[in-house]
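Trainee: One file: work_5.cif (mmCIF, C-alpha atoms).
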```
data_entry
#
loop_
_atom_site.label_atom_id
_atom_site.label_comp_id
_atom_site.auth_asym_id
_atom_site.auth_seq_id
_atom_site.Cartn_x
_atom_site.Cartn_y
_atom_site.Cartn_z
CA MET A 10 -40.22 -48.11 70.83
CA ARG A 11 -36.86 -47.01 69.49
CA TYR A 12 -38.18 -47.12 65.94
CA TYR A 13 -41.21 -45.19 67.01
CA TYR A 14 -39.11 -42.34 68.41
CA ARG A 15 -36.81 -42.34 65.40
CA LEU A 16 -39.75 -42.10 63.09
CA LYS A 17 -41.31 -39.35 65.17
CA ILE A 18 -38.08 -37.33 65.07
CA SER A 19 -37.65 -37.95 61.36
CA ILE A 20 -41.14 -36.77 60.56
CA LEU A 21 -40.63 -33.72 62.75
CA ILE A 22 -37.42 -32.85 60.90
CA PHE A 23 -39.01 -33.24 57.50
CA VAL A 24 -42.06 -31.25 58.49
CA MET A 25 -39.74 -28.46 59.66
CA PHE A 26 -37.78 -28.70 56.43
CA SER A 27 -40.95 -28.55 54.45
CA SER A 28 -42.10 -25.48 56.41
CA VAL A 29 -38.85 -23.68 55.67
CA GLN A 30 -39.31 -24.37 52.00
CA LEU A 31 -42.82 -22.99 52.15
CA CYS A 32 -41.58 -19.60 53.39
CA ALA A 33 -38.24 -19.56 51.57
CA GLN A 34 -37.16 -16.43 49.69
CA ASP A 35 -39.12 -13.39 50.67
CA ILE A 36 -39.58 -9.87 49.35
CA SER A 37 -41.17 -7.17 51.44
CA ILE A 38 -42.11 -3.79 50.04
CA GLY A 39 -42.32 -0.73 52.24
CA GLY A 40 -43.55 2.77 51.54
CA SER A 41 -45.93 4.04 48.92
CA TRP A 42 -46.34 6.92 46.51
CA GLU A 43 -49.38 9.14 46.46
CA LEU A 44 -49.32 12.04 44.03
CA THR A 45 -51.87 14.83 43.71
CA ILE A 46 -51.87 16.93 40.56
CA ASP A 47 -53.73 20.22 40.63
CA GLU A 48 -53.66 23.82 39.36
CA SER A 49 -50.18 24.36 40.71
CA ASP A 50 -48.95 21.84 38.14
CA MET A 51 -50.13 23.79 35.12
CA GLN A 52 -47.31 24.63 32.75
CA SER A 53 -47.86 28.39 32.48
CA GLY A 54 -50.80 30.56 33.31
CA MET A 55 -54.44 29.77 33.80
CA ILE A 56 -55.07 28.24 30.39
CA SER A 57 -52.22 25.84 29.90
CA ASP A 58 -51.85 22.11 30.03
CA LEU A 59 -50.57 20.21 33.03
CA ASN A 60 -46.94 19.24 33.33
CA SER A 61 -46.67 15.83 31.79
CA THR A 62 -43.98 14.21 33.97
CA TYR A 63 -43.66 13.76 37.73
CA GLU A 64 -41.08 11.95 39.85
CA SER A 65 -41.29 10.58 43.33
CA PRO A 66 -38.37 11.26 45.67
CA ALA A 67 -35.52 8.77 45.38
CA ASP A 68 -35.95 5.78 47.70
CA GLN A 69 -39.63 6.55 48.07
CA VAL A 70 -40.26 2.83 48.22
CA TYR A 71 -37.90 0.15 49.44
CA ALA A 72 -37.60 -3.60 49.22
CA THR A 73 -36.06 -6.17 51.50
CA ILE A 74 -35.07 -9.53 50.05
CA THR A 75 -34.23 -12.40 52.36
CA HIS A 76 -33.97 -16.15 52.38
CA PRO A 77 -33.99 -17.71 55.86
CA ASP A 78 -32.15 -20.78 54.61
CA TYR A 79 -29.03 -18.80 53.82
CA GLY A 80 -28.69 -16.10 56.46
CA TRP A 81 -26.42 -13.14 55.88
CA PHE A 82 -23.39 -15.03 54.58
CA GLY A 83 -25.01 -17.79 52.60
CA THR A 84 -25.03 -17.24 48.86
CA TRP A 85 -28.13 -17.49 46.81
CA TYR A 86 -29.01 -15.68 43.61
CA TRP A 87 -32.24 -13.96 42.81
CA ARG A 88 -34.05 -11.78 40.31
CA VAL A 89 -36.77 -9.24 40.99
CA ASP A 90 -39.60 -8.88 38.49
CA VAL A 91 -42.16 -6.11 38.40
CA SER A 92 -45.66 -5.69 37.00
CA ARG A 93 -48.83 -3.74 37.72
CA ASP A 94 -52.54 -4.26 37.40
CA ASN A 95 -54.73 -2.26 35.08
CA SER A 96 -58.06 -2.07 36.82
CA GLN A 97 -57.95 1.57 37.97
CA TRP A 98 -55.50 3.04 35.51
CA HIS A 99 -55.75 5.29 32.43
CA ASN A 100 -54.17 4.19 29.19
CA LEU A 101 -52.55 7.60 28.63
CA LEU A 102 -50.61 7.35 31.89
CA HIS A 103 -47.23 5.61 32.03
CA LEU A 104 -45.64 4.52 35.30
CA ASP A 105 -41.88 3.94 35.37
CA VAL A 106 -39.67 2.62 38.15
CA ARG A 107 -35.95 2.55 38.71
CA ARG A 108 -33.67 1.32 41.47
CA SER A 109 -32.45 4.49 43.20
CA SER A 110 -30.20 2.78 45.73
CA GLY A 111 -28.60 -0.59 46.26
CA GLY A 112 -29.52 -1.16 49.85
CA PHE A 113 -27.40 -3.06 52.32
CA GLY A 114 -26.03 -6.59 52.27
CA PHE A 115 -22.93 -8.70 51.77
CA GLY A 116 -23.90 -9.80 48.31
CA SER A 117 -24.22 -7.98 45.03
CA ILE A 118 -26.96 -6.14 43.17
CA SER A 119 -27.08 -5.29 39.49
CA GLY A 120 -29.30 -3.57 36.95
CA GLY A 121 -32.53 -1.61 37.25
CA THR A 122 -30.94 1.82 37.67
CA SER A 123 -32.56 3.27 34.55
CA TYR A 124 -36.27 3.94 34.40
CA GLN A 125 -38.35 1.20 32.85
CA GLU A 126 -42.06 1.26 32.30
CA ILE A 127 -44.13 -0.98 34.51
CA SER A 128 -46.63 -2.81 32.39
CA THR A 129 -49.22 -5.44 33.06
CA ALA A 130 -46.76 -8.03 31.80
CA THR A 131 -44.19 -9.24 34.31
CA GLN A 132 -40.73 -7.91 33.44
CA SER A 133 -37.28 -8.46 34.86
CA PHE A 134 -36.19 -5.50 37.00
CA PHE A 135 -32.82 -6.27 38.60
CA THR A 136 -30.78 -9.16 39.97
CA GLY A 137 -28.62 -9.85 42.98
CA ALA A 138 -27.09 -12.30 45.38
CA ARG A 139 -27.50 -12.94 49.10
CA ASN A 140 -29.93 -11.26 51.46
CA ARG A 141 -30.35 -7.52 50.98
CA LEU A 142 -32.14 -4.79 52.89
CA TRP A 143 -33.54 -1.38 52.02
CA ILE A 144 -33.20 -1.40 48.26
CA GLY A 145 -34.65 1.96 47.20
CA PHE A 146 -37.02 2.52 44.30
CA GLN A 147 -38.10 5.72 42.59
CA TYR A 148 -41.22 6.16 40.49
CA ARG A 149 -41.89 8.40 37.51
CA LEU A 150 -45.28 9.22 36.05
CA ARG A 151 -45.55 10.27 32.40
CA GLY A 152 -48.40 11.19 30.09
CA VAL A 153 -50.35 13.60 32.27
CA SER A 154 -52.39 16.09 30.28
CA VAL A 155 -55.79 17.64 30.18
CA SER A 156 -56.83 14.65 28.09
CA VAL A 157 -56.65 12.46 31.18
CA PRO A 158 -59.93 13.07 33.00
CA ALA A 159 -59.82 14.25 36.57
CA GLY A 160 -60.01 11.37 39.00
CA THR A 161 -58.02 8.92 41.06
CA TYR A 162 -55.90 6.32 39.36
CA VAL A 163 -54.36 3.43 41.25
CA ALA A 164 -51.71 1.00 40.08
CA THR A 165 -51.07 -1.99 42.27
CA VAL A 166 -47.41 -2.70 41.62
CA THR A 167 -46.23 -6.23 42.32
CA TYR A 168 -42.61 -7.13 42.91
CA THR A 169 -41.67 -10.78 42.68
CA VAL A 170 -38.39 -12.30 43.84
CA VAL A 171 -37.38 -15.40 41.93
CA GLU A 172 -34.58 -17.63 43.18
CA LEU A 173 -32.21 -18.40 40.34
CA MET B 28 -49.35 -44.38 69.06
CA LYS B 29 -52.84 -44.78 67.77
CA GLU B 30 -52.66 -41.50 65.89
CA PHE B 31 -49.56 -42.56 63.98
CA LYS B 32 -51.14 -45.85 63.17
CA SER B 33 -54.16 -44.15 61.69
CA ILE B 34 -52.09 -41.70 59.65
CA LEU B 35 -49.41 -44.00 58.34
CA ASN B 36 -51.55 -47.10 58.23
CA PHE B 37 -48.92 -49.53 59.38
CA PRO B 38 -48.06 -50.88 62.81
CA LEU B 39 -45.50 -48.80 64.67
CA THR B 40 -43.88 -51.46 66.74
CA LYS B 41 -40.45 -52.90 67.06
CA GLU B 42 -41.52 -55.25 64.30
CA VAL B 43 -41.97 -52.38 61.87
CA ASP B 44 -40.73 -53.13 58.39
CA MET B 45 -37.65 -50.97 57.82
CA LYS B 46 -38.14 -50.99 54.04
CA LYS B 47 -41.61 -49.61 54.50
CA LEU B 48 -40.31 -46.96 56.86
CA MET B 49 -37.60 -45.87 54.45
CA GLY B 50 -40.12 -45.76 51.67
CA ILE B 51 -42.27 -43.37 53.63
CA LEU B 52 -39.31 -41.19 54.53
CA VAL B 53 -38.29 -41.00 50.87
CA ALA B 54 -41.83 -40.01 49.98
CA VAL B 55 -41.77 -37.27 52.61
CA VAL B 56 -38.48 -35.94 51.24
CA PHE B 57 -39.89 -36.03 47.73
CA VAL B 58 -43.00 -34.12 48.76
CA ALA B 59 -40.85 -31.59 50.61
CA GLY B 60 -38.71 -31.13 47.52
CA ILE B 61 -41.73 -30.64 45.29
CA THR B 62 -43.05 -28.05 47.71
CA GLY B 63 -39.75 -26.20 47.60
CA VAL B 64 -39.75 -26.05 43.81
CA ALA B 65 -43.33 -24.90 43.67
CA MET B 66 -42.62 -21.98 46.04
CA ALA B 67 -39.45 -20.72 44.31
CA ALA B 68 -40.85 -17.18 44.10
CA ASP B 69 -42.44 -14.74 46.48
CA ASN B 70 -44.10 -11.43 45.83
CA ASP B 71 -45.33 -8.34 47.57
CA SER B 72 -47.24 -5.38 46.23
CA HIS B 73 -48.35 -1.88 47.06
CA ASP B 74 -50.41 0.85 45.48
CA VAL B 75 -49.28 3.91 43.58
CA THR B 76 -52.12 6.41 43.79
CA ILE B 77 -52.40 9.36 41.40
CA THR B 78 -55.10 11.94 42.02
CA ILE B 79 -55.76 14.51 39.32
CA ALA B 80 -57.90 17.39 40.54
CA GLU B 81 -60.61 18.76 38.30
CA LEU B 82 -59.54 21.90 36.47
CA ASN B 83 -62.02 24.26 34.85
CA HIS B 84 -60.81 27.70 33.82
CA ILE B 85 -62.00 30.23 31.29
CA VAL B 86 -60.69 33.59 30.18
CA VAL B 87 -61.99 36.20 27.77
CA THR B 88 -59.43 37.47 25.30
CA GLY B 89 -59.37 40.70 23.30
CA GLY B 90 -60.54 43.18 25.91
CA ASN B 91 -63.71 45.23 25.90
CA VAL B 92 -66.10 45.59 22.99
CA SER B 93 -67.69 48.78 21.79
CA LEU B 94 -70.65 48.67 19.40
CA THR B 95 -72.32 51.72 17.88
CA ILE B 96 -75.62 51.98 16.08
CA ASN B 97 -75.59 55.26 14.17
CA SER B 98 -77.04 54.53 10.78
CA VAL B 99 -80.09 53.01 9.16
CA ASP B 100 -80.51 50.36 6.55
CA GLY B 101 -82.48 50.62 3.29
CA SER B 102 -85.72 50.10 5.18
CA MET B 103 -84.87 52.98 7.47
CA ASN B 104 -84.36 50.65 10.47
CA PRO B 105 -81.33 51.09 12.73
CA GLN B 106 -78.27 49.32 11.28
CA ASN B 107 -76.80 46.49 13.43
CA ASP B 108 -73.20 46.70 14.51
CA THR B 109 -70.99 43.60 14.82
CA ASP B 110 -67.68 42.82 16.48
CA ASN B 111 -65.60 39.65 16.40
CA SER B 112 -62.40 40.91 18.03
CA THR B 113 -62.79 38.91 21.24
CA GLY B 114 -62.79 35.30 22.14
CA LEU B 115 -62.75 32.64 24.80
CA LEU B 116 -60.00 30.35 26.00
CA TRP B 117 -60.79 27.57 28.41
CA ILE B 118 -59.44 24.40 29.87
CA THR B 119 -61.25 21.48 31.38
CA ASN B 120 -60.07 18.04 32.32
CA SER B 121 -63.53 16.93 33.27
CA GLY B 122 -64.54 13.52 32.07
CA THR B 123 -68.12 14.69 31.73
CA ASP B 124 -69.57 17.40 29.50
CA LYS B 125 -69.12 21.00 30.51
CA ARG B 126 -70.91 24.03 29.04
CA ILE B 127 -69.99 27.66 28.84
CA THR B 128 -72.67 30.18 29.60
CA ALA B 129 -72.95 33.95 29.12
CA GLN B 130 -75.02 36.38 31.12
CA LEU B 131 -75.42 40.16 31.32
CA ASP B 132 -75.14 41.95 34.62
CA ALA B 133 -78.16 44.06 33.65
CA ASP B 134 -80.43 44.34 30.66
CA TYR B 135 -80.04 47.09 28.08
CA ALA B 136 -82.65 49.76 27.73
CA SER B 137 -85.85 48.91 25.96
CA GLY B 138 -85.40 48.36 22.24
CA ILE B 139 -81.69 47.47 22.43
CA THR B 140 -80.56 43.85 22.02
CA LEU B 141 -77.14 42.22 22.30
CA THR B 142 -76.48 38.78 20.86
CA VAL B 143 -73.37 36.67 20.85
CA ALA B 144 -72.30 33.67 18.82
CA ALA B 145 -69.31 31.56 19.85
CA SER B 146 -67.57 29.56 17.17
CA ASP B 147 -66.96 25.85 17.72
CA GLY B 148 -63.95 25.44 19.97
CA GLY B 149 -61.61 22.69 21.03
CA THR B 150 -62.05 19.13 19.98
CA ASN B 151 -65.30 18.57 21.79
CA GLY B 152 -66.93 21.94 22.46
CA THR B 153 -69.83 22.80 20.16
CA SER B 154 -71.30 26.23 19.51
CA ALA B 155 -74.81 26.84 20.71
CA GLY B 156 -75.29 29.33 17.84
CA THR B 157 -76.46 32.89 18.23
CA VAL B 158 -78.00 33.61 21.61
CA THR B 159 -79.64 36.72 22.97
CA LEU B 160 -78.07 37.87 26.20
CA ASN B 161 -80.04 38.94 29.23
CA SER B 162 -79.58 39.38 32.94
CA THR B 163 -82.14 36.92 34.16
CA SER B 164 -80.70 33.65 32.91
CA ALA B 165 -77.35 32.40 31.72
CA GLN B 166 -77.36 31.29 28.10
CA ASN B 167 -75.35 28.40 26.73
CA VAL B 168 -72.76 29.49 24.18
CA ILE B 169 -70.62 26.29 24.12
CA THR B 170 -71.76 22.79 25.08
CA GLY B 171 -70.20 19.36 25.27
CA SER B 172 -66.71 20.38 26.28
CA GLN B 173 -64.60 17.84 28.14
CA SER B 174 -60.91 17.00 28.55
CA GLU B 175 -59.64 19.74 26.29
CA ILE B 176 -58.11 23.15 25.92
CA GLY B 177 -60.62 25.08 23.87
CA SER B 178 -60.76 28.41 22.07
CA SER B 179 -63.59 30.19 20.38
CA THR B 180 -64.22 33.50 18.59
CA LEU B 181 -67.08 35.60 19.93
CA THR B 182 -69.22 37.52 17.51
CA TYR B 183 -71.30 40.22 19.18
CA THR B 184 -74.16 41.94 17.41
CA ALA B 185 -75.98 44.94 18.79
CA SER B 186 -79.34 45.83 17.35
CA ALA B 187 -81.98 48.40 18.15
CA THR B 188 -85.53 49.09 17.17
CA ALA B 189 -86.63 52.45 15.84
CA ALA B 190 -88.30 53.02 19.19
CA ALA B 191 -85.08 52.73 21.15
CA ALA B 192 -84.09 55.94 22.82
CA PRO B 193 -80.72 57.36 21.77
CA ASN B 194 -78.04 57.31 24.46
CA SER B 195 -74.47 58.37 24.97
CA GLY B 196 -73.31 54.85 25.67
CA GLU B 197 -74.73 52.09 27.82
CA THR B 198 -72.17 49.67 29.24
CA HIS B 199 -72.84 46.23 30.68
CA THR B 200 -70.70 43.30 31.63
CA VAL B 201 -70.99 39.87 30.08
CA THR B 202 -69.87 37.06 32.36
CA TYR B 203 -68.80 33.71 30.93
CA THR B 204 -68.88 30.65 33.14
CA ILE B 205 -67.76 27.09 32.57
CA THR B 206 -70.09 24.80 34.45
CA ASP B 207 -71.66 21.36 34.55
#
```
Output the structure of this file as structure tokens.
Mentor:
Amino acid sequence: MRYYYRLKISILIFVMFSSVQLCAQDISIGGSWELTIDESDMQSGMISDLNSTYESPADQVYATITHPDYGWFGTWYWRVDVSRDNSQWHNLLHLDVRRSSGGFGFGSISGGTSYQEISTATQSFFTGARNRLWIGFQYRLRGVSVSVPAGTYVATVTYTVVEL
Amino acid sequence: MKEFKSILNFPLTKEVDMKKLMGILVAVVFVAGITGVAMAADNDSHDVTITIAELNHIVVTGGNVSLTINSVDGSMNPQNDTDNSTGLLWITNSGTDKRITAQLDADYASGITLTVAASDGGTNGTSAGTVTLNSTSAQNVITGSQSEIGSSTLTYTASATAAAAPNSGETHTVTYTITD
């Protein structure tokens, strides 16, 4: 029976280990940006084009990056990638993102502080080490004009954390 | 006991083969490792929603128009008078065709006619040609306008028949509307 219990405990440990691996590094995105453009955004007077560029407030959206295996003081390195879908978007519109704050954590964070366009291709955004909370993002919309038909355009922006 | 036997397919007794046991444990570790590699990334997403309201505006430029018929042509019919000092400016971000119509607030006296012709304007708007204005129905002057800032010159022509009664000036308002 001793072998039986040892085996039972061993399997339990490995199942737990496997479960931890399954939910390892994690990125959670909070907040959203909803922008309405109307007559008040016309450049000058009744017959003028719309302002072409709009910015969200800084830290409009935030990310939390954690890895339960390492806790607050364990060191692990990560990179955040960004991309968007194209199903409800207009090709004249350009969506940019930048990191507007570094958040909180004992590790480091680097890059991503200048605007970069979010495309349908996954692109590197910024890198860091250790768990980090409340990393702020800011969006910028470019390309608005009367040539973009009235309507609602939605970009589903995906952030991916990759353990390095 | 029976459950483990059915899963692992070997007898779990004191006589268990230690090599077999270690082999299974190694396999479990290997599978766990593979799982860890396969899940080396995680993602989350949210929506950025942009709503652009529909904008349709039109203005008439150049002020009021005054036309005078005070002469006759070679056939002794009243001579038309023409003016092209005014125009239209409009904006639409509609994704579907818009038209611009013109309508008088009241008809002129019998025998007097006012026509207007708008030139092609914008990248999409097309002139409807010369139209006779009246108070009962709005007339198309521009059609097919969408997602553009347009401009057009208006050419008014006043005409009268010989039977038209002379007057000291009859003023009416022409209203332009951008519509579906």
Trainee: Within 12 Å of Pro193 of chain B, counting only C-alpha atoms, which residues show up once you throw out same-chain ones fewer than 4 positions away? Write them as a PDB file with C-alpha atoms, keeping the file's coordinate frame, please.
Mentor:
```pdb
ATOM      1  CA  THR B  95     -72.320  51.720  17.880  1.00  0.00           C
ATOM      2  CA  ILE B  96     -75.620  51.980  16.080  1.00  0.00           C
ATOM      3  CA  ASN B  97     -75.590  55.260  14.170  1.00  0.00           C
ATOM      4  CA  SER B  98     -77.040  54.530  10.780  1.00  0.00           C
ATOM      5  CA  PRO B 105     -81.330  51.090  12.730  1.00  0.00           C
ATOM      6  CA  ALA B 136     -82.650  49.760  27.730  1.00  0.00           C
ATOM      7  CA  SER B 137     -85.850  48.910  25.960  1.00  0.00           C
ATOM      8  CA  GLY B 138     -85.400  48.360  22.240  1.00  0.00           C
ATOM      9  CA  ILE B 139     -81.690  47.470  22.430  1.00  0.00           C
ATOM     10  CA  ALA B 187     -81.980  48.400  18.150  1.00  0.00           C
ATOM     11  CA  THR B 188     -85.530  49.090  17.170  1.00  0.00           C
ATOM     12  CA  ALA B 189     -86.630  52.450  15.840  1.00  0.00           C
ATOM     13  CA  GLU B 197     -74.730  52.090  27.820  1.00  0.00           C
TER      14      GLU B 197
END
```
Trainee: For Tyr79 of chain A, please output as a list in words all residues within 9 Å (counting all atoms listed in the file; exclusion window: fewer than 5 positions along the same chain).
Mentor: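 The residues satisfying every condition are Thr84, Trp85, Arg139 and Asn140 of chain A.
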Trainee: Select residues of chain B: the criterion is any atom within 6 Å of an atom of chain A, counting all atoms listed in the file; output as a list of chain:residue names.
Mentor: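 Interface list for chain B against chain A: B:Ala59, B:Gly63, B:Ala67, B:Ala68, B:Asp69, B:Asn70, B:Asp71, B:Ser72, B:His73, B:Asp74, B:Val75, B:Thr76, B:Ile77, B:Thr78, B:Ile79, B:Ala80, B:Glu81, B:Ile118, B:Asn120, B:Ser121, B:Gly122, B:Ser174, B:Glu175.
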Trainee: In Å to one decimal, how far is atom CA of Leu181 of chain B from atom CA of Trp117 of chain B?
Mentor: 13.3 Å
Trainee: For Asn111 of chain B, which residue out of B:Thr142, B:Asn151, B:Gln166, B:Thr180 is the nearest one, using only C-alpha atoms?
Mentor: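 Closest residue, counting only C-alpha atoms: B:Thr180.
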Trainee: Would you compute the distance between atom CA of Tyr71 of chain A and atom CA of Gly152 of chain A? Give it in Å to one decimal.
Mentor: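 Atom CA of Tyr71 of chain A sits 24.6 Å away from atom CA of Gly152 of chain A.
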Trainee: To one decimal place, how far is atom CA of Gly145 of chain A from atom CA of Tyr124 of chain A in Å?
Mentor: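 We find that atom CA of Gly145 of chain A and atom CA of Tyr124 of chain A lie 13.1 Å from each other.
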Trainee: Could you spell out the hits of the PyMOL selection byres ((chain B and resi 145) around 7) on the shown file, as a list in words?
Mentor: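 This file, filtered by the PyMOL selection byres ((chain B and resi 145) around 7), leaves Val143, Ala144, Ser146, Asp147, Ser154, Gly156, Val168, Ile169, Ser179, Thr180, Leu181 and Thr182 of chain B.
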Trainee: Give as an MDAnalysis selection string each residue that has an atom at most 7 Å from (-60.4, 24.2, 23.1) in the file, counting only C-alpha atoms.
Mentor: chainID B and resid 116:118 148:150 152 175:178
Trainee: Please tell me which residues are no farther than 7 Å from (-44.0, 4.5, 33.9) in the file, counting only C-alpha atoms, and write them as a ChimeraX atom specification.
Mentor: /A:103-106,125-127,149-151
Trainee: Exactly which residues make up the result of the PyMOL selection byres ((chain B and resi 108) around 8) on this file, given as JSON, numbers by chain?
Mentor: {"B": [94, 95, 96, 106, 107, 109, 110, 184, 185, 186]}
Trainee: Could you please take those selected residues and save C-alpha atoms as a compact mmCIF listing (two decimals), keeping the file's coordinate frame?
Mentor:
```txt
# COMPACT_ATOMS: atom_id res chain seq x y z
CA LEU B 94 -70.65 48.67 19.40
CA THR B 95 -72.32 51.72 17.88
CA ILE B 96 -75.62 51.98 16.08
CA GLN B 106 -78.27 49.32 11.28
CA ASN B 107 -76.80 46.49 13.43
CA THR B 109 -70.99 43.60 14.82
CA ASP B 110 -67.68 42.82 16.48
CA THR B 184 -74.16 41.94 17.41
CA ALA B 185 -75.98 44.94 18.79
CA SER B 186 -79.34 45.83 17.35
```
Trainee: Run the PyMOL selection byres ((chain A and resi 147) around 6) mentally over the shown coordinates, then write out the matched residues as a CSV table (one decimal) with C-alpha atoms, keeping the file's coordinate frame, using the chain letters and numbers from the document.
Mentor:
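selection.csv, written as the output of this step:
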```csv
chain,number,residue,atom,x,y,z
A,65,SER,CA,-41.3,10.6,43.3
A,67,ALA,CA,-35.5,8.8,45.4
A,68,ASP,CA,-36.0,5.8,47.7
A,69,GLN,CA,-39.6,6.6,48.1
A,106,VAL,CA,-39.7,2.6,38.2
A,107,ARG,CA,-36.0,2.6,38.7
A,109,SER,CA,-32.4,4.5,43.2
A,146,PHE,CA,-37.0,2.5,44.3
A,148,TYR,CA,-41.2,6.2,40.5
```
Trainee: Need to verify the contact set: Thr202 of chain B, 7 Å, all atoms listed in the file, exclusion of same-chain residues closer than 6 positions in sequence. Can you return it as a PDB file with C-alpha atoms, in the coordinates of the input?
Mentor:
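Result file is out.pdb:
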```pdb
ATOM      1  CA  ALA B 129     -72.950  33.950  29.120  1.00  0.00           C
ATOM      2  CA  GLN B 130     -75.020  36.380  31.120  1.00  0.00           C
ATOM      3  CA  LEU B 131     -75.420  40.160  31.320  1.00  0.00           C
TER       4      LEU B 131
END
```
